[in-house]
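S.K.: What follows is coords-v9.pdb, made up of PDB, N, CA and C atoms:
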ATOM      1  N   MET A   1      71.841 100.139  86.333  1.00  0.00           N
ATOM      2  CA  MET A   1      72.193  98.823  86.880  1.00  0.00           C
ATOM      3  C   MET A   1      73.598  98.426  86.429  1.00  0.00           C
ATOM      4  N   ARG A   2      73.862  98.647  85.137  1.00  0.00           N
ATOM      5  CA  ARG A   2      75.166  98.264  84.614  1.00  0.00           C
ATOM      6  C   ARG A   2      76.275  99.104  85.263  1.00  0.00           C
ATOM      7  N   ALA A   3      76.008 100.429  85.436  1.00  0.00           N
ATOM      8  CA  ALA A   3      77.004 101.292  86.069  1.00  0.00           C
ATOM      9  C   ALA A   3      77.239 100.867  87.524  1.00  0.00           C
ATOM     10  N   ASP A   4      76.148 100.467  88.205  1.00  0.00           N
ATOM     11  CA  ASP A   4      76.274 100.033  89.589  1.00  0.00           C
ATOM     12  C   ASP A   4      77.150  98.774  89.677  1.00  0.00           C
ATOM     13  N   LEU A   5      76.926  97.841  88.759  1.00  0.00           N
ATOM     14  CA  LEU A   5      77.737  96.622  88.742  1.00  0.00           C
ATOM     15  C   LEU A   5      79.193  96.953  88.448  1.00  0.00           C
ATOM     16  N   HIS A   6      79.404  97.906  87.545  1.00  0.00           N
ATOM     17  CA  HIS A   6      80.768  98.305  87.220  1.00  0.00           C
ATOM     18  C   HIS A   6      81.453  98.917  88.448  1.00  0.00           C
ATOM     19  N   GLY A   7      80.702  99.740  89.179  1.00  0.00           N
ATOM     20  CA  GLY A   7      81.249 100.334  90.393  1.00  0.00           C
ATOM     21  C   GLY A   7      81.616  99.274  91.422  1.00  0.00           C
ATOM     22  N   TRP A   8      80.733  98.266  91.567  1.00  0.00           N
ATOM     23  CA  TRP A   8      81.033  97.188  92.517  1.00  0.00           C
ATOM     24  C   TRP A   8      82.260  96.405  92.090  1.00  0.00           C
ATOM     25  N   ALA A   9      82.427  96.194  90.793  1.00  0.00           N
ATOM     26  CA  ALA A   9      83.614  95.483  90.315  1.00  0.00           C
ATOM     27  C   ALA A   9      84.871  96.274  90.657  1.00  0.00           C
ATOM     28  N   ARG A  10      84.791  97.595  90.517  1.00  0.00           N
ATOM     29  CA  ARG A  10      85.946  98.443  90.851  1.00  0.00           C
ATOM     30  C   ARG A  10      86.252  98.364  92.348  1.00  0.00           C
ATOM     31  N   VAL A  11      85.183  98.389  93.160  1.00  0.00           N
ATOM     32  CA  VAL A  11      85.380  98.290  94.621  1.00  0.00           C
ATOM     33  C   VAL A  11      85.994  96.948  94.966  1.00  0.00           C
ATOM     34  N   ARG A  12      85.473  95.878  94.350  1.00  0.00           N
ATOM     35  CA  ARG A  12      85.995  94.534  94.649  1.00  0.00           C
ATOM     36  C   ARG A  12      87.451  94.422  94.235  1.00  0.00           C
ATOM     37  N   ARG A  13      87.813  95.001  93.084  1.00  0.00           N
ATOM     38  CA  ARG A  13      89.201  94.981  92.630  1.00  0.00           C
ATOM     39  C   ARG A  13      90.103  95.742  93.603  1.00  0.00           C
ATOM     40  N   ALA A  14      89.608  96.891  94.085  1.00  0.00           N
ATOM     41  CA  ALA A  14      90.386  97.668  95.056  1.00  0.00           C
ATOM     42  C   ALA A  14      90.583  96.887  96.346  1.00  0.00           C
ATOM     43  N   VAL A  15      89.526  96.191  96.791  1.00  0.00           N
ATOM     44  CA  VAL A  15      89.636  95.393  98.024  1.00  0.00           C
ATOM     45  C   VAL A  15      90.655  94.277  97.849  1.00  0.00           C
ATOM     46  N   GLU A  16      90.616  93.595  96.705  1.00  0.00           N
ATOM     47  CA  GLU A  16      91.597  92.543  96.435  1.00  0.00           C
ATOM     48  C   GLU A  16      93.015  93.111  96.409  1.00  0.00           C
ATOM     49  N   TRP A  17      93.182  94.293  95.804  1.00  0.00           N
ATOM     50  CA  TRP A  17      94.507  94.915  95.739  1.00  0.00           C
ATOM     51  C   TRP A  17      95.001  95.246  97.142  1.00  0.00           C
ATOM     52  N   VAL A  18      94.088  95.789  97.981  1.00  0.00           N
ATOM     53  CA  VAL A  18      94.478  96.138  99.352  1.00  0.00           C
ATOM     54  C   VAL A  18      94.866  94.893 100.120  1.00  0.00           C
ATOM     55  N   LYS A  19      94.088  93.803  99.958  1.00  0.00           N
ATOM     56  CA  LYS A  19      94.429  92.556 100.656  1.00  0.00           C
ATOM     57  C   LYS A  19      95.792  92.051 100.218  1.00  0.00           C
ATOM     58  N   ARG A  20      96.060  92.141  98.907  1.00  0.00           N
ATOM     59  CA  ARG A  20      97.319  91.607  98.391  1.00  0.00           C
ATOM     60  C   ARG A  20      98.506  92.441  98.844  1.00  0.00           C
ATOM     61  N   TYR A  21      98.336  93.771  98.847  1.00  0.00           N
ATOM     62  CA  TYR A  21      99.481  94.646  99.129  1.00  0.00           C
ATOM     63  C   TYR A  21      99.476  95.220 100.542  1.00  0.00           C
ATOM     64  N   ARG A  22      98.580  94.686 101.415  1.00  0.00           N
ATOM     65  CA  ARG A  22      98.501  95.250 102.765  1.00  0.00           C
ATOM     66  C   ARG A  22      99.833  95.153 103.487  1.00  0.00           C
ATOM     67  N   ARG A  23     100.489  93.997 103.375  1.00  0.00           N
ATOM     68  CA  ARG A  23     101.765  93.821 104.081  1.00  0.00           C
ATOM     69  C   ARG A  23     102.811  94.807 103.586  1.00  0.00           C
ATOM     70  N   ALA A  24     102.887  94.976 102.263  1.00  0.00           N
ATOM     71  CA  ALA A  24     103.862  95.909 101.701  1.00  0.00           C
ATOM     72  C   ALA A  24     103.528  97.340 102.105  1.00  0.00           C
ATOM     73  N   LEU A  25     102.224  97.672 102.105  1.00  0.00           N
ATOM     74  CA  LEU A  25     101.833  99.030 102.473  1.00  0.00           C
ATOM     75  C   LEU A  25     102.135  99.298 103.939  1.00  0.00           C
ATOM     76  N   VAL A  26     101.867  98.302 104.804  1.00  0.00           N
ATOM     77  CA  VAL A  26     102.142  98.481 106.235  1.00  0.00           C
ATOM     78  C   VAL A  26     103.634  98.649 106.464  1.00  0.00           C
ATOM     79  N   LEU A  27     104.441  97.824 105.789  1.00  0.00           N
ATOM     80  CA  LEU A  27     105.893  97.939 105.941  1.00  0.00           C
ATOM     81  C   LEU A  27     106.374  99.300 105.451  1.00  0.00           C
ATOM     82  N   ARG A  28     105.829  99.744 104.313  1.00  0.00           N
ATOM     83  CA  ARG A  28     106.242 101.043 103.782  1.00  0.00           C
ATOM     84  C   ARG A  28     105.830 102.162 104.727  1.00  0.00           C
ATOM     85  N   ALA A  29     104.643 102.056 105.307  1.00  0.00           N
ATOM     86  CA  ALA A  29     104.193 103.073 106.255  1.00  0.00           C
ATOM     87  C   ALA A  29     105.072 103.080 107.501  1.00  0.00           C
ATOM     88  N   MET A  30     105.440 101.870 107.974  1.00  0.00           N
ATOM     89  CA  MET A  30     106.309 101.797 109.158  1.00  0.00           C
ATOM     90  C   MET A  30     107.684 102.382 108.856  1.00  0.00           C
ATOM     91  N   TYR A  31     108.241 102.034 107.693  1.00  0.00           N
ATOM     92  CA  TYR A  31     109.539 102.603 107.311  1.00  0.00           C
ATOM     93  C   TYR A  31     109.454 104.120 107.179  1.00  0.00           C
ATOM     94  N   GLY A  32     108.356 104.608 106.576  1.00  0.00           N
ATOM     95  CA  GLY A  32     108.178 106.049 106.429  1.00  0.00           C
ATOM     96  C   GLY A  32     108.074 106.740 107.775  1.00  0.00           C
ATOM     97  N   ALA A  33     107.325 106.126 108.707  1.00  0.00           N
ATOM     98  CA  ALA A  33     107.184 106.727 110.032  1.00  0.00           C
ATOM     99  C   ALA A  33     108.521 106.726 110.771  1.00  0.00           C
ATOM    100  N   ALA A  34     109.261 105.614 110.670  1.00  0.00           N
ATOM    101  CA  ALA A  34     110.563 105.543 111.333  1.00  0.00           C
ATOM    102  C   ALA A  34     111.527 106.564 110.731  1.00  0.00           C
ATOM    103  N   TYR A  35     111.507 106.689 109.400  1.00  0.00           N
ATOM    104  CA  TYR A  35     112.382 107.654 108.733  1.00  0.00           C
ATOM    105  C   TYR A  35     112.005 109.078 109.138  1.00  0.00           C
ATOM    106  N   GLY A  36     110.705 109.374 109.159  1.00  0.00           N
ATOM    107  CA  GLY A  36     110.263 110.705 109.562  1.00  0.00           C
ATOM    108  C   GLY A  36     110.644 111.005 111.000  1.00  0.00           C
ATOM    109  N   ALA A  37     110.468 110.012 111.886  1.00  0.00           N
ATOM    110  CA  ALA A  37     110.803 110.227 113.299  1.00  0.00           C
ATOM    111  C   ALA A  37     112.302 110.443 113.464  1.00  0.00           C
ATOM    112  N   SER A  38     113.115 109.658 112.723  1.00  0.00           N
ATOM    113  CA  SER A  38     114.563 109.793 112.867  1.00  0.00           C
ATOM    114  C   SER A  38     115.040 111.142 112.340  1.00  0.00           C
ATOM    115  N   THR A  39     114.508 111.571 111.197  1.00  0.00           N
ATOM    116  CA  THR A  39     114.928 112.864 110.648  1.00  0.00           C
ATOM    117  C   THR A  39     114.445 114.008 111.532  1.00  0.00           C
ATOM    118  N   THR A  40     113.227 113.878 112.078  1.00  0.00           N
ATOM    119  CA  THR A  40     112.714 114.908 112.992  1.00  0.00           C
ATOM    120  C   THR A  40     113.558 114.950 114.254  1.00  0.00           C
ATOM    121  N   GLY A  41     113.898 113.765 114.788  1.00  0.00           N
ATOM    122  CA  GLY A  41     114.735 113.722 115.977  1.00  0.00           C
ATOM    123  C   GLY A  41     116.111 114.310 115.719  1.00  0.00           C
ATOM    124  N   ALA A  42     116.683 114.019 114.549  1.00  0.00           N
ATOM    125  CA  ALA A  42     118.002 114.550 114.228  1.00  0.00           C
ATOM    126  C   ALA A  42     117.958 116.069 114.093  1.00  0.00           C
ATOM    127  N   SER A  43     116.922 116.580 113.435  1.00  0.00           N
ATOM    128  CA  SER A  43     116.827 118.038 113.269  1.00  0.00           C
ATOM    129  C   SER A  43     116.593 118.713 114.612  1.00  0.00           C
ATOM    130  N   MET A  44     115.776 118.094 115.476  1.00  0.00           N
ATOM    131  CA  MET A  44     115.555 118.672 116.803  1.00  0.00           C
ATOM    132  C   MET A  44     116.839 118.642 117.624  1.00  0.00           C
ATOM    133  N   LEU A  45     117.605 117.560 117.485  1.00  0.00           N
ATOM    134  CA  LEU A  45     118.883 117.473 118.198  1.00  0.00           C
ATOM    135  C   LEU A  45     119.844 118.561 117.713  1.00  0.00           C
ATOM    136  N   LEU A  46     119.892 118.775 116.396  1.00  0.00           N
ATOM    137  CA  LEU A  46     120.760 119.820 115.862  1.00  0.00           C
ATOM    138  C   LEU A  46     120.330 121.198 116.360  1.00  0.00           C
ATOM    139  N   ILE A  47     119.007 121.451 116.362  1.00  0.00           N
ATOM    140  CA  ILE A  47     118.515 122.744 116.862  1.00  0.00           C
ATOM    141  C   ILE A  47     118.870 122.899 118.333  1.00  0.00           C
ATOM    142  N   TRP A  48     118.724 121.820 119.110  1.00  0.00           N
ATOM    143  CA  TRP A  48     119.046 121.883 120.542  1.00  0.00           C
ATOM    144  C   TRP A  48     120.532 122.156 120.746  1.00  0.00           C
ATOM    145  N   LEU A  49     121.372 121.475 119.954  1.00  0.00           N
ATOM    146  CA  LEU A  49     122.814 121.702 120.083  1.00  0.00           C
ATOM    147  C   LEU A  49     123.180 123.135 119.689  1.00  0.00           C
ATOM    148  N   HIS A  50     122.565 123.660 118.632  1.00  0.00           N
ATOM    149  CA  HIS A  50     122.856 125.019 118.203  1.00  0.00           C
ATOM    150  C   HIS A  50     122.384 126.036 119.246  1.00  0.00           C
ATOM    151  N   SER A  51     121.276 125.727 119.906  1.00  0.00           N
ATOM    152  CA  SER A  51     120.772 126.668 120.916  1.00  0.00           C
ATOM    153  C   SER A  51     121.661 126.654 122.160  1.00  0.00           C
ATOM    154  N   ARG A  52     122.354 125.544 122.405  1.00  0.00           N
ATOM    155  CA  ARG A  52     123.211 125.461 123.585  1.00  0.00           C
ATOM    156  C   ARG A  52     124.559 126.115 123.340  1.00  0.00           C
ATOM    157  N   PHE A  53     125.111 125.949 122.134  1.00  0.00           N
ATOM    158  CA  PHE A  53     126.467 126.461 121.885  1.00  0.00           C
ATOM    159  C   PHE A  53     126.466 127.717 121.033  1.00  0.00           C
TER     160      PHE A  53
END
Kindly transcribe the structure held in the file into structure tokens.
M.R.:
Amino acid sequence: MRADLHGWARVRRAVEWVKRYRRALVLRAMYGAAYGASTTGASMLLIWLHSRF
């Protein structure tokens, strides 16, 4: 019983942390996706240019 309560406290703490940092995590994920897309696009553009010339 005590271990179960401890587990629930950990889950509740994690939920509170996610609620508090959701905005920061979403922004970081969006920045990461934009950065990944831009670097992928740049590398694909370089490969395309090298294949043409």
S.K.: Which value, in Å to one decimal, gives the distance between atom CA of A:Ile47 and atom N of A:Ala29?
M.R.: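 So the two atoms, atom CA of A:Ile47 and atom N of A:Ala29, lie 27.5 Å apart.
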S.K.: So how far away is atom C of A:Arg28 from atom N of A:Thr40, in Å?
M.R.: 15.7 Å
S.K.: Please compute the atom C of A:Leu25-atom N of A:Leu45 distance, one decimal, in Å.
M.R.: 27.5 Å
S.K.: Extract stretch 4-19 of chain A from the preceding block and save N, CA, C and O atoms as a PDB file, in the first residue's frame.
M.R.:
ATOM      1  N   ASP A   4       2.486   1.700  -3.321  1.00  0.00           N
ATOM      2  CA  ASP A   4       1.513   2.160  -4.301  1.00  0.00           C
ATOM      3  C   ASP A   4       1.282   3.672  -4.155  1.00  0.00           C
ATOM      4  O   ASP A   4       1.243   4.399  -5.137  1.00  0.00           O
ATOM      5  N   LEU A   5       1.166   4.128  -2.913  1.00  0.00           N
ATOM      6  CA  LEU A   5       0.979   5.561  -2.675  1.00  0.00           C
ATOM      7  C   LEU A   5       2.198   6.343  -3.143  1.00  0.00           C
ATOM      8  O   LEU A   5       2.078   7.421  -3.730  1.00  0.00           O
ATOM      9  N   HIS A   6       3.379   5.777  -2.912  1.00  0.00           N
ATOM     10  CA  HIS A   6       4.599   6.445  -3.348  1.00  0.00           C
ATOM     11  C   HIS A   6       4.630   6.556  -4.878  1.00  0.00           C
ATOM     12  O   HIS A   6       5.006   7.583  -5.430  1.00  0.00           O
ATOM     13  N   GLY A   7       4.215   5.479  -5.544  1.00  0.00           N
ATOM     14  CA  GLY A   7       4.162   5.504  -7.001  1.00  0.00           C
ATOM     15  C   GLY A   7       3.190   6.560  -7.511  1.00  0.00           C
ATOM     16  O   GLY A   7       3.476   7.286  -8.454  1.00  0.00           O
ATOM     17  N   TRP A   8       2.022   6.654  -6.844  1.00  0.00           N
ATOM     18  CA  TRP A   8       1.048   7.671  -7.255  1.00  0.00           C
ATOM     19  C   TRP A   8       1.590   9.071  -7.037  1.00  0.00           C
ATOM     20  O   TRP A   8       1.346   9.975  -7.847  1.00  0.00           O
ATOM     21  N   ALA A   9       2.328   9.276  -5.956  1.00  0.00           N
ATOM     22  CA  ALA A   9       2.916  10.595  -5.712  1.00  0.00           C
ATOM     23  C   ALA A   9       3.901  10.942  -6.822  1.00  0.00           C
ATOM     24  O   ALA A   9       3.954  12.071  -7.300  1.00  0.00           O
ATOM     25  N   ARG A  10       4.669   9.947  -7.260  1.00  0.00           N
ATOM     26  CA  ARG A  10       5.630  10.181  -8.348  1.00  0.00           C
ATOM     27  C   ARG A  10       4.895  10.524  -9.646  1.00  0.00           C
ATOM     28  O   ARG A  10       5.288  11.443 -10.363  1.00  0.00           O
ATOM     29  N   VAL A  11       3.801   9.789  -9.903  1.00  0.00           N
ATOM     30  CA  VAL A  11       3.012  10.067 -11.121  1.00  0.00           C
ATOM     31  C   VAL A  11       2.429  11.465 -11.046  1.00  0.00           C
ATOM     32  O   VAL A  11       2.478  12.223 -12.018  1.00  0.00           O
ATOM     33  N   ARG A  12       1.885  11.822  -9.874  1.00  0.00           N
ATOM     34  CA  ARG A  12       1.274  13.154  -9.727  1.00  0.00           C
ATOM     35  C   ARG A  12       2.316  14.243  -9.901  1.00  0.00           C
ATOM     36  O   ARG A  12       2.074  15.269 -10.545  1.00  0.00           O
ATOM     37  N   ARG A  13       3.523  14.035  -9.363  1.00  0.00           N
ATOM     38  CA  ARG A  13       4.601  15.010  -9.520  1.00  0.00           C
ATOM     39  C   ARG A  13       4.990  15.156 -10.992  1.00  0.00           C
ATOM     40  O   ARG A  13       5.215  16.255 -11.486  1.00  0.00           O
ATOM     41  N   ALA A  14       5.054  14.018 -11.697  1.00  0.00           N
ATOM     42  CA  ALA A  14       5.381  14.067 -13.127  1.00  0.00           C
ATOM     43  C   ALA A  14       4.312  14.818 -13.905  1.00  0.00           C
ATOM     44  O   ALA A  14       4.613  15.611 -14.796  1.00  0.00           O
ATOM     45  N   VAL A  15       3.039  14.582 -13.552  1.00  0.00           N
ATOM     46  CA  VAL A  15       1.942  15.282 -14.244  1.00  0.00           C
ATOM     47  C   VAL A  15       2.029  16.782 -14.003  1.00  0.00           C
ATOM     48  O   VAL A  15       1.869  17.584 -14.927  1.00  0.00           O
ATOM     49  N   GLU A  16       2.294  17.181 -12.759  1.00  0.00           N
ATOM     50  CA  GLU A  16       2.449  18.605 -12.455  1.00  0.00           C
ATOM     51  C   GLU A  16       3.620  19.205 -13.230  1.00  0.00           C
ATOM     52  O   GLU A  16       3.526  20.313 -13.764  1.00  0.00           O
ATOM     53  N   TRP A  17       4.728  18.460 -13.324  1.00  0.00           N
ATOM     54  CA  TRP A  17       5.898  18.956 -14.056  1.00  0.00           C
ATOM     55  C   TRP A  17       5.556  19.138 -15.529  1.00  0.00           C
ATOM     56  O   TRP A  17       5.933  20.138 -16.148  1.00  0.00           O
ATOM     57  N   VAL A  18       4.827  18.148 -16.097  1.00  0.00           N
ATOM     58  CA  VAL A  18       4.453  18.243 -17.513  1.00  0.00           C
ATOM     59  C   VAL A  18       3.544  19.432 -17.737  1.00  0.00           C
ATOM     60  O   VAL A  18       3.709  20.185 -18.700  1.00  0.00           O
ATOM     61  N   LYS A  19       2.572  19.643 -16.827  1.00  0.00           N
ATOM     62  CA  LYS A  19       1.674  20.797 -16.974  1.00  0.00           C
ATOM     63  C   LYS A  19       2.458  22.097 -16.922  1.00  0.00           C
ATOM     64  O   LYS A  19       2.187  23.031 -17.687  1.00  0.00           O
TER      65      LYS A  19
END
